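Pasting run.txt here (compact mmCIF, C-alpha atoms and all ligand atoms):
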```txt
# COMPACT_ATOMS: atom_id res chain seq x y z
CA MET A 1 45.77 106.58 38.04
CA GLU A 2 48.57 104.31 39.26
CA LEU A 3 50.27 104.08 42.64
CA ARG A 4 53.31 106.05 41.47
CA ASP A 5 51.03 108.92 40.34
CA LEU A 6 49.77 109.48 43.89
CA PRO A 7 51.04 112.72 45.46
CA SER A 8 52.83 112.61 48.79
CA VAL A 9 50.84 113.52 51.91
CA ASP A 10 52.66 116.87 52.09
CA GLU A 11 52.03 117.64 48.43
CA LEU A 12 48.31 116.99 48.78
CA ALA A 13 48.00 119.00 52.02
CA ARG A 14 50.16 121.89 50.77
CA GLY A 15 48.37 125.17 50.38
CA LEU A 16 45.62 124.29 52.82
CA ASP A 17 45.74 126.49 55.90
CA ASP A 18 44.24 123.88 58.20
CA PRO A 19 45.94 122.12 61.14
CA LEU A 20 44.00 118.95 60.32
CA ALA A 21 45.03 118.91 56.64
CA VAL A 22 48.02 116.55 56.99
CA ASP A 23 46.08 113.89 58.91
CA ALA A 24 43.19 114.17 56.50
CA ALA A 25 45.52 113.95 53.46
CA ARG A 26 47.09 110.81 54.94
CA SER A 27 43.69 109.08 55.19
CA VAL A 28 42.71 110.19 51.68
CA ILE A 29 45.94 108.84 50.17
CA GLU A 30 45.71 105.59 52.13
CA ARG A 31 42.21 104.98 50.80
CA ALA A 32 43.23 105.99 47.27
CA ARG A 33 46.10 103.49 47.43
CA GLU A 34 43.71 100.68 48.37
CA GLU A 35 41.31 101.65 45.59
CA ILE A 36 44.10 101.69 42.97
CA ARG A 37 45.25 98.26 44.16
CA ALA A 38 41.66 97.07 43.76
CA GLY A 39 41.65 98.42 40.22
CA ALA A 40 39.46 101.50 40.89
CA ASP A 41 40.10 105.13 40.06
CA PRO A 42 40.24 107.29 43.22
CA GLY A 43 39.18 110.42 41.29
CA ASP A 44 39.90 114.01 42.31
CA LEU A 45 42.07 113.78 45.43
CA GLU A 46 41.82 117.48 46.26
CA ALA A 47 38.04 117.33 46.26
CA ARG A 48 38.22 114.23 48.44
CA LEU A 49 40.52 116.00 50.87
CA GLU A 50 38.04 118.84 51.24
CA GLU A 51 35.24 116.34 51.78
CA GLU A 52 37.38 114.55 54.39
CA LEU A 53 38.03 117.81 56.24
CA ARG A 54 34.33 118.70 56.19
CA GLY A 55 33.59 115.29 57.72
CA ILE A 56 36.19 115.72 60.47
CA ARG A 57 34.90 119.20 61.30
CA ALA A 58 31.23 118.18 61.42
CA PRO A 59 29.99 117.72 64.99
CA SER A 60 29.65 114.12 66.07
CA LEU A 61 26.57 114.67 68.24
CA ARG A 62 23.98 115.99 65.82
CA ARG A 63 20.30 116.69 65.52
CA VAL A 64 18.42 113.94 63.66
CA LEU A 65 14.85 113.74 62.41
CA ASN A 66 12.97 110.96 64.16
CA ALA A 67 10.72 109.20 61.64
CA THR A 68 10.71 105.94 63.61
CA GLY A 69 7.29 106.40 65.23
CA VAL A 70 8.84 105.98 68.71
CA ILE A 71 8.33 109.12 70.79
CA ILE A 72 10.84 108.54 73.61
CA HIS A 73 13.63 106.89 71.62
CA THR A 74 16.62 106.22 73.87
CA ASN A 75 19.04 105.91 70.92
CA LEU A 76 17.81 109.27 69.62
CA GLY A 77 18.21 111.15 72.89
CA ARG A 78 14.77 110.53 74.44
CA ALA A 79 12.69 113.66 75.15
CA PRO A 80 13.06 116.79 73.02
CA LEU A 81 12.91 119.83 75.30
CA ALA A 82 10.21 122.47 75.34
CA GLU A 83 11.11 125.93 74.07
CA GLU A 84 10.66 127.32 77.59
CA ALA A 85 13.19 124.81 78.96
CA LEU A 86 15.70 125.67 76.21
CA VAL A 87 15.45 129.36 77.05
CA ARG A 88 16.29 128.57 80.67
CA VAL A 89 19.31 126.49 79.59
CA VAL A 90 20.73 129.19 77.31
CA GLU A 91 20.27 131.92 79.88
CA THR A 92 21.83 129.87 82.68
CA ALA A 93 24.71 128.60 80.55
CA ARG A 94 25.68 131.94 79.05
CA GLY A 95 26.66 133.66 82.30
CA TYR A 96 26.89 133.08 86.01
CA SER A 97 23.97 131.93 88.10
CA ASN A 98 22.88 131.55 91.71
CA LEU A 99 23.40 127.77 91.42
CA GLU A 100 24.62 127.41 94.99
CA LEU A 101 23.88 130.83 96.37
CA ASP A 102 20.92 131.87 98.47
CA LEU A 103 20.34 135.38 97.11
CA THR A 104 18.06 136.38 99.98
CA ALA A 105 20.48 135.45 102.73
CA GLY A 106 23.63 136.15 100.75
CA ALA A 107 24.95 132.79 101.94
CA ARG A 108 25.77 129.45 100.41
CA GLY A 109 22.65 127.73 99.07
CA SER A 110 21.87 124.30 97.67
CA ARG A 111 21.54 123.53 93.96
CA GLN A 112 18.73 121.19 94.97
CA ASP A 113 16.56 124.11 96.09
CA HIS A 114 15.82 125.38 92.57
CA VAL A 115 13.47 122.56 91.61
CA ALA A 116 12.49 121.20 95.02
CA PHE A 117 9.50 123.49 95.39
CA LEU A 118 8.04 122.56 92.00
CA LEU A 119 8.64 118.84 92.57
CA ARG A 120 7.00 118.99 95.99
CA ARG A 121 4.06 120.84 94.55
CA LEU A 122 3.61 118.50 91.58
CA THR A 123 3.95 115.26 93.55
CA GLY A 124 2.73 116.17 97.02
CA ALA A 125 6.07 115.03 98.47
CA GLU A 126 7.76 116.49 101.54
CA ALA A 127 11.14 116.71 99.84
CA ALA A 128 12.89 116.15 96.52
CA LEU A 129 16.37 115.52 95.16
CA VAL A 130 17.74 115.49 91.61
CA VAL A 131 20.68 113.44 90.33
CA ASN A 132 22.01 112.57 86.88
CA ASN A 133 19.57 109.87 85.86
CA ASN A 134 17.13 107.43 87.38
CA ALA A 135 19.65 104.57 87.55
CA ALA A 136 21.74 106.87 89.77
CA ALA A 137 18.68 107.78 91.83
CA VAL A 138 17.95 104.09 92.51
CA LEU A 139 21.60 103.33 93.26
CA LEU A 140 21.81 106.29 95.64
CA ALA A 141 18.61 105.33 97.46
CA LEU A 142 19.80 101.75 97.91
CA ALA A 143 23.29 102.81 99.02
CA ALA A 144 22.06 105.45 101.46
CA LEU A 145 19.31 103.32 102.99
CA GLY A 146 20.41 99.74 102.40
CA GLU A 147 24.20 99.48 102.45
CA GLY A 148 25.34 96.36 104.27
CA ARG A 149 21.74 95.29 104.78
CA GLU A 150 19.00 93.47 102.88
CA VAL A 151 16.63 94.79 100.24
CA VAL A 152 13.55 92.74 99.42
CA VAL A 153 12.46 92.62 95.74
CA SER A 154 9.95 90.48 93.85
CA ARG A 155 11.38 88.00 91.31
CA GLY A 156 8.93 89.47 88.83
CA GLU A 157 10.66 92.85 89.04
CA LEU A 158 14.33 92.00 88.57
CA ILE A 159 14.32 93.76 85.25
CA GLU A 160 16.91 94.66 82.66
CA ILE A 161 16.52 98.39 82.00
CA GLY A 162 18.34 98.31 78.65
CA ASP A 163 21.78 97.85 77.10
CA GLY A 164 22.51 95.02 79.55
CA PHE A 165 21.96 97.04 82.74
CA ARG A 166 20.00 95.08 85.33
CA ILE A 167 18.39 95.98 88.64
CA PRO A 168 20.12 93.11 90.55
CA ASP A 169 23.52 94.43 89.41
CA VAL A 170 22.68 98.01 90.37
CA LEU A 171 21.58 96.66 93.73
CA ALA A 172 24.80 94.67 94.22
CA HIS A 173 26.89 97.80 93.59
CA SER A 174 24.95 99.76 96.18
CA GLY A 175 26.37 97.47 98.84
CA ALA A 176 22.91 96.18 99.73
CA ARG A 177 22.08 92.47 99.57
CA LEU A 178 19.23 91.35 97.37
CA VAL A 179 16.56 89.14 98.90
CA GLU A 180 14.29 87.77 96.17
CA VAL A 181 10.71 86.89 96.94
CA GLY A 182 7.84 85.32 95.02
CA SER A 183 8.14 83.89 91.53
CA THR A 184 8.45 85.36 88.05
CA ASN A 185 4.70 85.59 87.61
CA ARG A 186 3.27 85.67 91.13
CA THR A 187 4.31 87.52 94.26
CA ARG A 188 2.05 88.26 97.22
CA ALA A 189 2.30 90.74 100.07
CA LYS A 190 2.86 87.89 102.52
CA ASP A 191 5.97 86.82 100.56
CA TYR A 192 7.49 90.19 101.44
CA ASP A 193 6.21 89.92 104.99
CA LYS A 194 7.94 86.56 105.53
CA ALA A 195 11.21 87.76 103.99
CA VAL A 196 11.61 90.74 106.31
CA GLY A 197 14.09 90.10 109.12
CA PRO A 198 16.17 92.10 111.57
CA ASN A 199 18.64 93.00 108.81
CA THR A 200 16.10 94.19 106.26
CA ALA A 201 16.65 97.81 105.27
CA LEU A 202 13.76 98.38 102.89
CA LEU A 203 11.28 96.99 100.40
CA LEU A 204 11.96 97.88 96.78
CA ARG A 205 9.24 97.89 94.19
CA VAL A 206 10.38 98.20 90.56
CA HIS A 207 7.82 99.17 87.96
CA GLN A 208 7.79 96.56 85.16
CA SER A 209 8.39 99.42 82.80
CA ASN A 210 9.44 97.87 79.52
CA PHE A 211 7.63 94.51 79.61
CA ARG A 212 4.47 92.86 80.86
CA VAL A 213 3.82 89.39 82.23
CA VAL A 214 0.35 88.26 81.22
CA GLY A 215 -1.79 85.28 82.15
CA PHE A 216 -1.49 83.65 85.59
CA THR A 217 0.00 86.65 87.36
CA GLU A 218 -0.21 88.41 90.69
CA LEU A 219 1.57 91.36 92.24
CA PRO A 220 0.52 93.05 95.47
CA LYS A 221 -1.00 96.50 95.31
CA LEU A 222 1.31 99.27 96.40
CA GLU A 223 -0.99 99.91 99.38
CA GLU A 224 -0.47 96.32 100.56
CA LEU A 225 3.30 96.64 100.22
CA ALA A 226 3.20 99.91 102.11
CA ALA A 227 1.28 98.18 104.91
CA VAL A 228 3.96 95.47 105.15
CA ALA A 229 6.70 98.11 105.24
CA ARG A 230 4.88 100.09 107.93
CA ARG A 231 4.29 97.02 110.06
CA HIS A 232 8.03 96.33 110.10
CA GLY A 233 9.04 99.98 110.42
CA ILE A 234 11.05 99.99 107.18
CA PRO A 235 10.69 102.24 104.12
CA LEU A 236 9.10 101.29 100.81
CA VAL A 237 11.08 102.59 97.82
CA ASP A 238 9.30 102.66 94.46
CA ASP A 239 11.35 102.78 91.25
CA LEU A 240 8.76 104.06 88.80
CA GLY A 241 11.10 104.03 85.81
CA SER A 242 9.49 106.57 83.55
CA GLY A 243 7.06 108.09 85.98
CA VAL A 244 4.59 110.76 84.94
CA LEU A 245 3.46 113.97 86.54
CA ILE A 246 0.06 114.03 84.85
CA GLU A 247 -2.69 111.42 84.81
CA LEU A 248 -1.95 108.86 82.11
CA SER A 249 -3.73 105.56 82.13
CA GLY A 250 -1.35 102.63 82.55
CA GLU A 251 1.61 104.56 83.95
CA PRO A 252 1.70 105.24 87.68
CA SER A 253 2.43 108.85 88.63
CA ALA A 254 4.78 109.86 91.41
CA LYS A 255 1.86 111.47 93.22
CA GLU A 256 -0.20 108.26 93.11
CA SER A 257 2.73 106.21 94.34
CA LEU A 258 3.30 108.52 97.32
CA ALA A 259 -0.42 108.62 98.07
CA ALA A 260 -0.47 104.80 98.06
CA GLY A 261 2.18 104.80 100.78
CA SER A 262 5.61 104.77 99.13
CA ASP A 263 8.22 106.49 101.26
CA LEU A 264 10.54 107.32 98.35
CA VAL A 265 9.77 107.38 94.64
CA CYS A 266 12.44 107.45 91.92
CA PHE A 267 11.80 108.36 88.28
CA SER A 268 13.46 109.66 85.11
CA GLY A 269 13.51 113.26 83.90
CA ASP A 270 13.70 112.46 80.19
CA LYS A 271 11.09 109.76 79.74
CA LEU A 272 7.39 110.66 80.02
CA LEU A 273 8.21 113.73 82.08
CA GLY A 274 9.60 115.25 78.87
CA GLY A 275 12.58 117.05 80.39
CA PRO A 276 16.36 116.61 80.48
CA GLN A 277 18.16 113.43 81.50
CA ALA A 278 17.82 113.35 85.27
CA GLY A 279 16.91 111.08 88.14
CA ILE A 280 14.34 112.46 90.53
CA VAL A 281 13.74 111.23 94.06
CA VAL A 282 10.72 112.49 95.99
CA GLY A 283 9.29 111.46 99.33
CA ARG A 284 9.85 111.61 103.08
CA ALA A 285 12.08 114.49 104.14
CA ASP A 286 14.21 112.44 106.57
CA LEU A 287 14.96 109.83 103.90
CA VAL A 288 15.68 112.39 101.16
CA GLU A 289 18.06 114.06 103.61
CA ARG A 290 19.93 110.76 104.12
CA LEU A 291 20.36 110.52 100.35
CA ARG A 292 21.51 114.12 100.14
CA ARG A 293 24.22 113.55 102.72
CA HIS A 294 25.55 110.33 101.17
CA PRO A 295 28.96 110.72 99.42
CA LEU A 296 27.56 109.24 96.21
CA GLN A 297 25.14 112.17 95.95
CA ARG A 298 28.11 114.47 95.31
CA ALA A 299 29.24 112.19 92.49
CA MET A 300 25.80 111.98 90.92
CA ARG A 301 24.43 115.48 91.33
CA ALA A 302 22.83 117.13 88.33
CA ASP A 303 24.63 120.01 86.64
CA LYS A 304 23.25 123.52 86.24
CA LEU A 305 22.12 122.98 82.63
CA THR A 306 20.07 119.96 83.67
CA LEU A 307 18.56 121.88 86.57
CA ALA A 308 17.74 124.83 84.31
CA ALA A 309 16.03 122.57 81.75
CA LEU A 310 14.21 120.68 84.48
CA GLU A 311 12.96 123.87 86.14
CA GLY A 312 11.77 125.18 82.75
CA THR A 313 9.93 121.91 82.08
CA LEU A 314 8.41 121.60 85.55
CA GLN A 315 7.11 125.18 85.37
CA LEU A 316 5.11 124.21 82.28
CA TYR A 317 3.35 121.51 84.32
CA LEU A 318 1.79 124.26 86.42
CA ASP A 319 -0.19 125.82 83.59
CA ALA A 320 0.77 124.66 80.09
CA PRO A 321 1.74 120.97 80.02
CA GLU A 322 0.60 120.79 76.37
CA ARG A 323 3.71 122.82 75.51
CA ILE A 324 5.91 119.88 76.53
CA PRO A 325 6.81 118.10 73.27
CA VAL A 326 6.50 114.53 74.63
CA LEU A 327 3.03 115.21 76.01
CA ARG A 328 2.00 117.05 72.86
CA MET A 329 3.10 114.13 70.66
CA LEU A 330 1.31 111.63 72.92
CA GLY A 331 -1.89 113.64 72.72
CA GLN A 332 -2.04 113.99 68.93
CA ASP A 333 -5.04 112.48 67.21
CA LEU A 334 -4.59 110.23 64.20
CA GLU A 335 -6.03 112.85 61.85
CA THR A 336 -3.24 115.31 62.71
CA VAL A 337 -0.53 112.72 62.10
CA ARG A 338 -2.22 111.53 58.90
CA THR A 339 -2.40 115.07 57.56
CA ARG A 340 1.31 115.49 58.24
CA ALA A 341 2.10 112.19 56.49
CA GLY A 342 -0.12 113.28 53.59
CA ARG A 343 1.76 116.55 53.23
CA LEU A 344 5.08 114.68 53.22
CA ALA A 345 3.77 112.14 50.70
CA ALA A 346 2.62 114.94 48.37
CA LEU A 347 6.06 116.57 48.57
CA VAL A 348 8.10 113.41 47.88
CA GLY A 349 5.67 111.35 45.81
CA GLY A 350 5.18 108.68 48.49
CA THR A 351 2.07 106.94 49.76
CA VAL A 352 0.39 107.31 53.16
CA GLU A 353 0.25 104.18 55.30
CA GLU A 354 -1.33 103.66 58.69
CA THR A 355 1.21 102.53 61.28
CA VAL A 356 1.47 101.73 64.98
CA GLY A 357 3.62 104.14 66.96
CA ARG A 358 5.16 103.52 70.38
CA VAL A 359 5.70 105.58 73.50
CA GLY A 360 9.22 104.18 74.02
CA GLY A 361 11.52 104.88 76.96
CA GLY A 362 10.30 101.75 78.70
CA ALA A 363 6.87 103.30 79.27
CA LEU A 364 3.52 101.76 78.33
CA PRO A 365 5.20 98.92 76.35
CA LEU A 366 1.88 97.57 75.09
CA ALA A 367 0.35 100.89 74.09
CA GLU A 368 -0.23 101.07 70.34
CA LEU A 369 -0.42 104.67 69.17
CA ALA A 370 -2.38 105.06 65.96
CA SER A 371 -0.01 106.77 63.56
CA ALA A 372 0.68 107.35 59.89
CA ALA A 373 3.78 107.22 57.73
CA CYS A 374 4.86 108.26 54.29
CA ALA A 375 6.18 105.16 52.49
CA VAL A 376 9.08 105.63 50.08
CA GLU A 377 11.55 103.28 48.42
CA GLU A 378 13.61 101.12 50.81
CA SER A 379 16.87 102.07 49.09
CA LEU A 380 16.61 105.55 50.67
CA ALA A 381 17.12 104.21 54.19
CA GLN A 382 20.91 104.37 54.16
CA PRO A 383 21.39 107.66 52.28
CA LEU A 384 18.82 109.34 54.53
CA ARG A 385 20.71 108.14 57.59
CA HIS A 386 23.90 109.62 56.12
CA GLY A 387 22.17 112.89 55.18
CA ASP A 388 22.29 116.29 56.82
CA PRO A 389 20.30 116.26 58.99
CA PRO A 390 20.09 112.47 59.18
CA VAL A 391 16.55 111.06 58.89
CA LEU A 392 15.78 107.78 60.67
CA GLY A 393 12.84 105.75 59.38
CA VAL A 394 11.71 102.14 59.63
CA VAL A 395 12.26 99.51 56.91
CA ARG A 396 9.27 97.21 56.56
CA ASP A 397 8.00 94.95 53.77
CA GLY A 398 10.47 96.31 51.24
CA LYS A 399 9.60 99.94 51.92
CA LEU A 400 10.99 102.73 54.04
CA LEU A 401 8.29 104.11 56.35
CA LEU A 402 8.80 107.72 57.41
CA ASP A 403 6.54 107.72 60.46
CA CYS A 404 5.13 111.15 61.24
CA LEU A 405 4.25 110.61 64.92
CA ALA A 406 7.48 112.16 66.24
CA ILE A 407 8.05 114.54 63.33
CA ALA A 408 7.02 118.13 64.05
CA ASP A 409 4.91 120.04 61.51
CA ALA A 410 7.86 122.38 61.01
CA GLU A 411 10.11 119.41 60.15
CA VAL A 412 8.05 118.01 57.27
CA ASP A 413 9.72 120.26 54.69
CA GLU A 414 13.13 119.24 56.00
CA VAL A 415 12.31 115.54 55.69
CA ALA A 416 11.05 116.17 52.15
CA ALA A 417 14.22 118.07 51.23
CA ALA A 418 16.32 115.25 52.66
CA VAL A 419 14.45 112.69 50.54
CA SER A 420 14.90 114.84 47.40
CA ALA A 421 18.62 115.21 48.13
CA CYS A 422 19.02 111.41 48.24
CA ARG A 423 17.33 110.64 44.93
C1 LIG B 501 14.44 103.63 82.60
C2 LIG B 501 14.44 102.98 83.94
C3 LIG B 501 15.50 103.17 84.83
C4 LIG B 501 16.71 103.98 84.45
O1 LIG B 501 16.40 105.30 84.24
P1 LIG B 501 17.46 106.26 83.51
O2 LIG B 501 16.87 107.62 83.66
O3 LIG B 501 17.54 105.77 82.10
O4 LIG B 501 18.77 106.10 84.21
C5 LIG B 501 15.44 102.57 86.07
N1 LIG B 501 14.38 101.81 86.43
C6 LIG B 501 13.35 101.60 85.59
C7 LIG B 501 12.22 100.75 86.06
C8 LIG B 501 13.33 102.18 84.33
O5 LIG B 501 12.32 101.98 83.49
```
Translate the structure of the given file into structure tokens.
Amino acid sequence: MELRDLPSVDELARGLDDPLAVDAARSVIERAREEIRAGADPGDLEARLEEELRGIRAPSLRRVLNATGVIIHTNLGRAPLAEEALVRVVETARGYSNLELDLTAGARGSRQDHVAFLLRRLTGAEAALVVNNNAAAVLLALAALGEGREVVVSRGELIEIGDGFRIPDVLAHSGARLVEVGSTNRTRAKDYDKAVGPNTALLLRVHQSNFRVVGFTELPKLEELAAVARRHGIPLVDDLGSGVLIELSGEPSAKESLAAGSDLVCFSGDKLLGGPQAGIVVGRADLVERLRRHPLQRAMRADKLTLAALEGTLQLYLDAPERIPVLRMLGQDLETVRTRAGRLAALVGGTVEETVGRVGGGALPLAELASAACAVEESLAQPLRHGDPPVLGVVRDGKLLLDCLAIADAEVDEVAAAVSACR
């Protein structure tokens, strides 16, 4: 084909009853022109136009199969929701709801009431508040309690959460002034004690979620920090990062933090909790109330779908936490994962390899989860990522590892079909 043989945009789009056809035809012809100039044959333009239209119509935000071996993968949307949570979302989204209506009194209610009871019950807190994400929860707490005043933080806890977002910057935007104490590796309770002055609003503890300092290190126990805060009559705010609602060695739970003397605890809804993206604040009722009344709260409040998913997830904590996908994946034994990898390997002709999985989401950064993968040829990595649904694996030592830690039993056949489609 030569340049002069190319149809016009209108000619190519003619006959297609699709409002996007002209734009799509323009891109197809532009690309064909470049290919002809480069000496290549652009092939069947009508088929390419249909392909182009299919691509434009495909949703951008799509389900993917997570064969990376990282359970709470921020790039892959963190926690998958439990079936029970999904049911609550669909039901709430489909029609109207009592989002801000007290059905008993027939008067205006608060959207915060729907999950407050469960959060109080699961953490032992007096009060609870839900906003969009944990970064918002921390920002709101600092703005409501520390604006125009000082917030004392250890130098060992001035962390970068991810994607360039750092606690000191969040703090600066709250209007509070950061007072750093201690050193990178060692901070003692008396460092906090000495830093507190008449203008100190609160002590902030930030869980070193996604990293660990090892060797010559020291950080005060939460109880010691709480004692300092109490002595000076100021609150202790604990940013737990992930936070858990069950006992999990190595990750502090919101309940433990409150029991150790924190006045407010902030944590994420979609990390180890296994729910929707949300920021949860629990603690003293008078402090939670100050957050609730702050103008930023209105800008950060969670929407009804989040609240529905969170309520559905929190209800499972009462009697069936094993139904929460994140907790179920964390609790798998190696044999289960290996069997899954074996089934996949038998279907695609791969080999089973032992791997090390990760919790992800900035939780338990050193935890090595015994896992298993099906190893296939490295050249499949890109086509699998472009597939439908896309499959994300890990390239290592010239092979593509399809880790089965975060693949559900019901997804094994889909991964196998995706591999077959790429060969
Ligand atoms: C993850 C994390 C945050 C941010 O939580 P999001 O829910 O992602 O906004 C804040 N602080 C710490 C310590 C974290 O680990």
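Distance cut-off 8 Å, centre (13.2, 121.9, 76.1), atoms counted only C-alpha atoms; the residues meeting this are A:Pro80, A:Leu81, A:Ala82, A:Glu83, A:Glu84, A:Ala85, A:Leu86, A:Val87, A:Gly275, A:Pro276, A:Ala309, A:Gly312, A:Thr313, A:Ile324, A:Pro325.
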List the neighbours of A:Thr351 out to 7 Å using all atoms listed in the file; skip same-chain residues closer than 3 positions along the sequence, and give me the result as an NGL selection string. :A and (345 or 374-375)
Calculated over all atoms listed in the file, which of the candidates A:Arg149, A:Lys271, A:Arg298, A:Arg186 has the smallest distance to A:Leu171? A:Arg149
Against ligand LIG 501 (chain B), which residues of chain A fall within 8 Å? For each one I want the closest pair of atoms and the distance in Å (one decimal), counting only C-alpha atoms and all ligand atoms, rows by chain and increasing residue number, as JSON lines.
```
{"residue": "A:Asn132", "atom": "CA", "partner": "B:LIG501", "partner_atom": "O4", "distance": 7.7}
{"residue": "A:Asn133", "atom": "CA", "partner": "B:LIG501", "partner_atom": "O2", "distance": 4.1}
{"residue": "A:Asn134", "atom": "CA", "partner": "B:LIG501", "partner_atom": "O2", "distance": 3.7}
{"residue": "A:Ala135", "atom": "CA", "partner": "B:LIG501", "partner_atom": "O4", "distance": 3.8}
{"residue": "A:Ala136", "atom": "CA", "partner": "B:LIG501", "partner_atom": "O4", "distance": 6.4}
{"residue": "A:Ala137", "atom": "CA", "partner": "B:LIG501", "partner_atom": "O4", "distance": 7.8}
{"residue": "A:Val138", "atom": "CA", "partner": "B:LIG501", "partner_atom": "C5", "distance": 7.1}
{"residue": "A:Ile159", "atom": "CA", "partner": "B:LIG501", "partner_atom": "C7", "distance": 7.3}
{"residue": "A:Ile161", "atom": "CA", "partner": "B:LIG501", "partner_atom": "C2", "distance": 5.4}
{"residue": "A:Gly162", "atom": "CA", "partner": "B:LIG501", "partner_atom": "C1", "distance": 7.7}
{"residue": "A:Ile167", "atom": "CA", "partner": "B:LIG501", "partner_atom": "N1", "distance": 7.4}
{"residue": "A:Val206", "atom": "CA", "partner": "B:LIG501", "partner_atom": "C7", "distance": 5.5}
{"residue": "A:His207", "atom": "CA", "partner": "B:LIG501", "partner_atom": "C7", "distance": 5.0}
{"residue": "A:Gln208", "atom": "CA", "partner": "B:LIG501", "partner_atom": "C7", "distance": 6.2}
{"residue": "A:Ser209", "atom": "CA", "partner": "B:LIG501", "partner_atom": "O5", "distance": 4.7}
{"residue": "A:Asn210", "atom": "CA", "partner": "B:LIG501", "partner_atom": "O5", "distance": 6.4}
{"residue": "A:Asp239", "atom": "CA", "partner": "B:LIG501", "partner_atom": "C7", "distance": 5.6}
{"residue": "A:Leu240", "atom": "CA", "partner": "B:LIG501", "partner_atom": "C7", "distance": 5.5}
{"residue": "A:Gly241", "atom": "CA", "partner": "B:LIG501", "partner_atom": "C8", "distance": 3.3}
{"residue": "A:Ser242", "atom": "CA", "partner": "B:LIG501", "partner_atom": "O5", "distance": 5.4}
{"residue": "A:Phe267", "atom": "CA", "partner": "B:LIG501", "partner_atom": "O1", "distance": 6.8}
{"residue": "A:Ser268", "atom": "CA", "partner": "B:LIG501", "partner_atom": "O2", "distance": 4.2}
{"residue": "A:Gly269", "atom": "CA", "partner": "B:LIG501", "partner_atom": "O2", "distance": 6.6}
{"residue": "A:Asp270", "atom": "CA", "partner": "B:LIG501", "partner_atom": "O2", "distance": 6.7}
{"residue": "A:Lys271", "atom": "CA", "partner": "B:LIG501", "partner_atom": "O2", "distance": 7.3}
{"residue": "A:Gln277", "atom": "CA", "partner": "B:LIG501", "partner_atom": "O2", "distance": 6.3}
{"residue": "A:Ala278", "atom": "CA", "partner": "B:LIG501", "partner_atom": "O2", "distance": 6.0}
{"residue": "A:Gly279", "atom": "CA", "partner": "B:LIG501", "partner_atom": "O2", "distance": 5.7}
{"residue": "A:Gly361", "atom": "CA", "partner": "B:LIG501", "partner_atom": "C1", "distance": 6.5}
{"residue": "A:Gly362", "atom": "CA", "partner": "B:LIG501", "partner_atom": "O5", "distance": 5.2}
{"residue": "A:Ala363", "atom": "CA", "partner": "B:LIG501", "partner_atom": "O5", "distance": 7.0}
```
Based on the selection just made, write C-alpha atoms of those residues as a short mmCIF file (atom, residue, chain, number, x, y, z; two decimals), in the frame of the given file.
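For reference, result.cif as written:
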```cif
data_model
loop_
_atom_site.label_atom_id
_atom_site.label_comp_id
_atom_site.auth_asym_id
_atom_site.auth_seq_id
_atom_site.Cartn_x
_atom_site.Cartn_y
_atom_site.Cartn_z
CA ASN A 132 22.01 112.57 86.88
CA ASN A 133 19.57 109.87 85.86
CA ASN A 134 17.13 107.43 87.38
CA ALA A 135 19.65 104.57 87.55
CA ALA A 136 21.74 106.87 89.77
CA ALA A 137 18.68 107.78 91.83
CA VAL A 138 17.95 104.09 92.51
CA ILE A 159 14.32 93.76 85.25
CA ILE A 161 16.52 98.39 82.00
CA GLY A 162 18.34 98.31 78.65
CA ILE A 167 18.39 95.98 88.64
CA VAL A 206 10.38 98.20 90.56
CA HIS A 207 7.82 99.17 87.96
CA GLN A 208 7.79 96.56 85.16
CA SER A 209 8.39 99.42 82.80
CA ASN A 210 9.44 97.87 79.52
CA ASP A 239 11.35 102.78 91.25
CA LEU A 240 8.76 104.06 88.80
CA GLY A 241 11.10 104.03 85.81
CA SER A 242 9.49 106.57 83.55
CA PHE A 267 11.80 108.36 88.28
CA SER A 268 13.46 109.66 85.11
CA GLY A 269 13.51 113.26 83.90
CA ASP A 270 13.70 112.46 80.19
CA LYS A 271 11.09 109.76 79.74
CA GLN A 277 18.16 113.43 81.50
CA ALA A 278 17.82 113.35 85.27
CA GLY A 279 16.91 111.08 88.14
CA GLY A 361 11.52 104.88 76.96
CA GLY A 362 10.30 101.75 78.70
CA ALA A 363 6.87 103.30 79.27
#
```
Using only C-alpha atoms, determine which residues lie at most 12 Å from A:Ala25, disregarding the query and same-chain residues fewer than 4 positions distant; provide the list as a CSV table (one decimal) with C-alpha atoms, keeping the file's coordinate frame.
```csv
chain,number,residue,atom,x,y,z
A,6,LEU,CA,49.8,109.5,43.9
A,7,PRO,CA,51.0,112.7,45.5
A,8,SER,CA,52.8,112.6,48.8
A,9,VAL,CA,50.8,113.5,51.9
A,10,ASP,CA,52.7,116.9,52.1
A,11,GLU,CA,52.0,117.6,48.4
A,12,LEU,CA,48.3,117.0,48.8
A,13,ALA,CA,48.0,119.0,52.0
A,14,ARG,CA,50.2,121.9,50.8
A,15,GLY,CA,48.4,125.2,50.4
A,16,LEU,CA,45.6,124.3,52.8
A,18,ASP,CA,44.2,123.9,58.2
A,19,PRO,CA,45.9,122.1,61.1
A,20,LEU,CA,44.0,119.0,60.3
A,21,ALA,CA,45.0,118.9,56.6
A,29,ILE,CA,45.9,108.8,50.2
A,30,GLU,CA,45.7,105.6,52.1
A,31,ARG,CA,42.2,105.0,50.8
A,32,ALA,CA,43.2,106.0,47.3
A,45,LEU,CA,42.1,113.8,45.4
A,46,GLU,CA,41.8,117.5,46.3
A,47,ALA,CA,38.0,117.3,46.3
A,48,ARG,CA,38.2,114.2,48.4
A,49,LEU,CA,40.5,116.0,50.9
A,50,GLU,CA,38.0,118.8,51.2
A,51,GLU,CA,35.2,116.3,51.8
A,52,GLU,CA,37.4,114.6,54.4
A,53,LEU,CA,38.0,117.8,56.2
A,56,ILE,CA,36.2,115.7,60.5
```
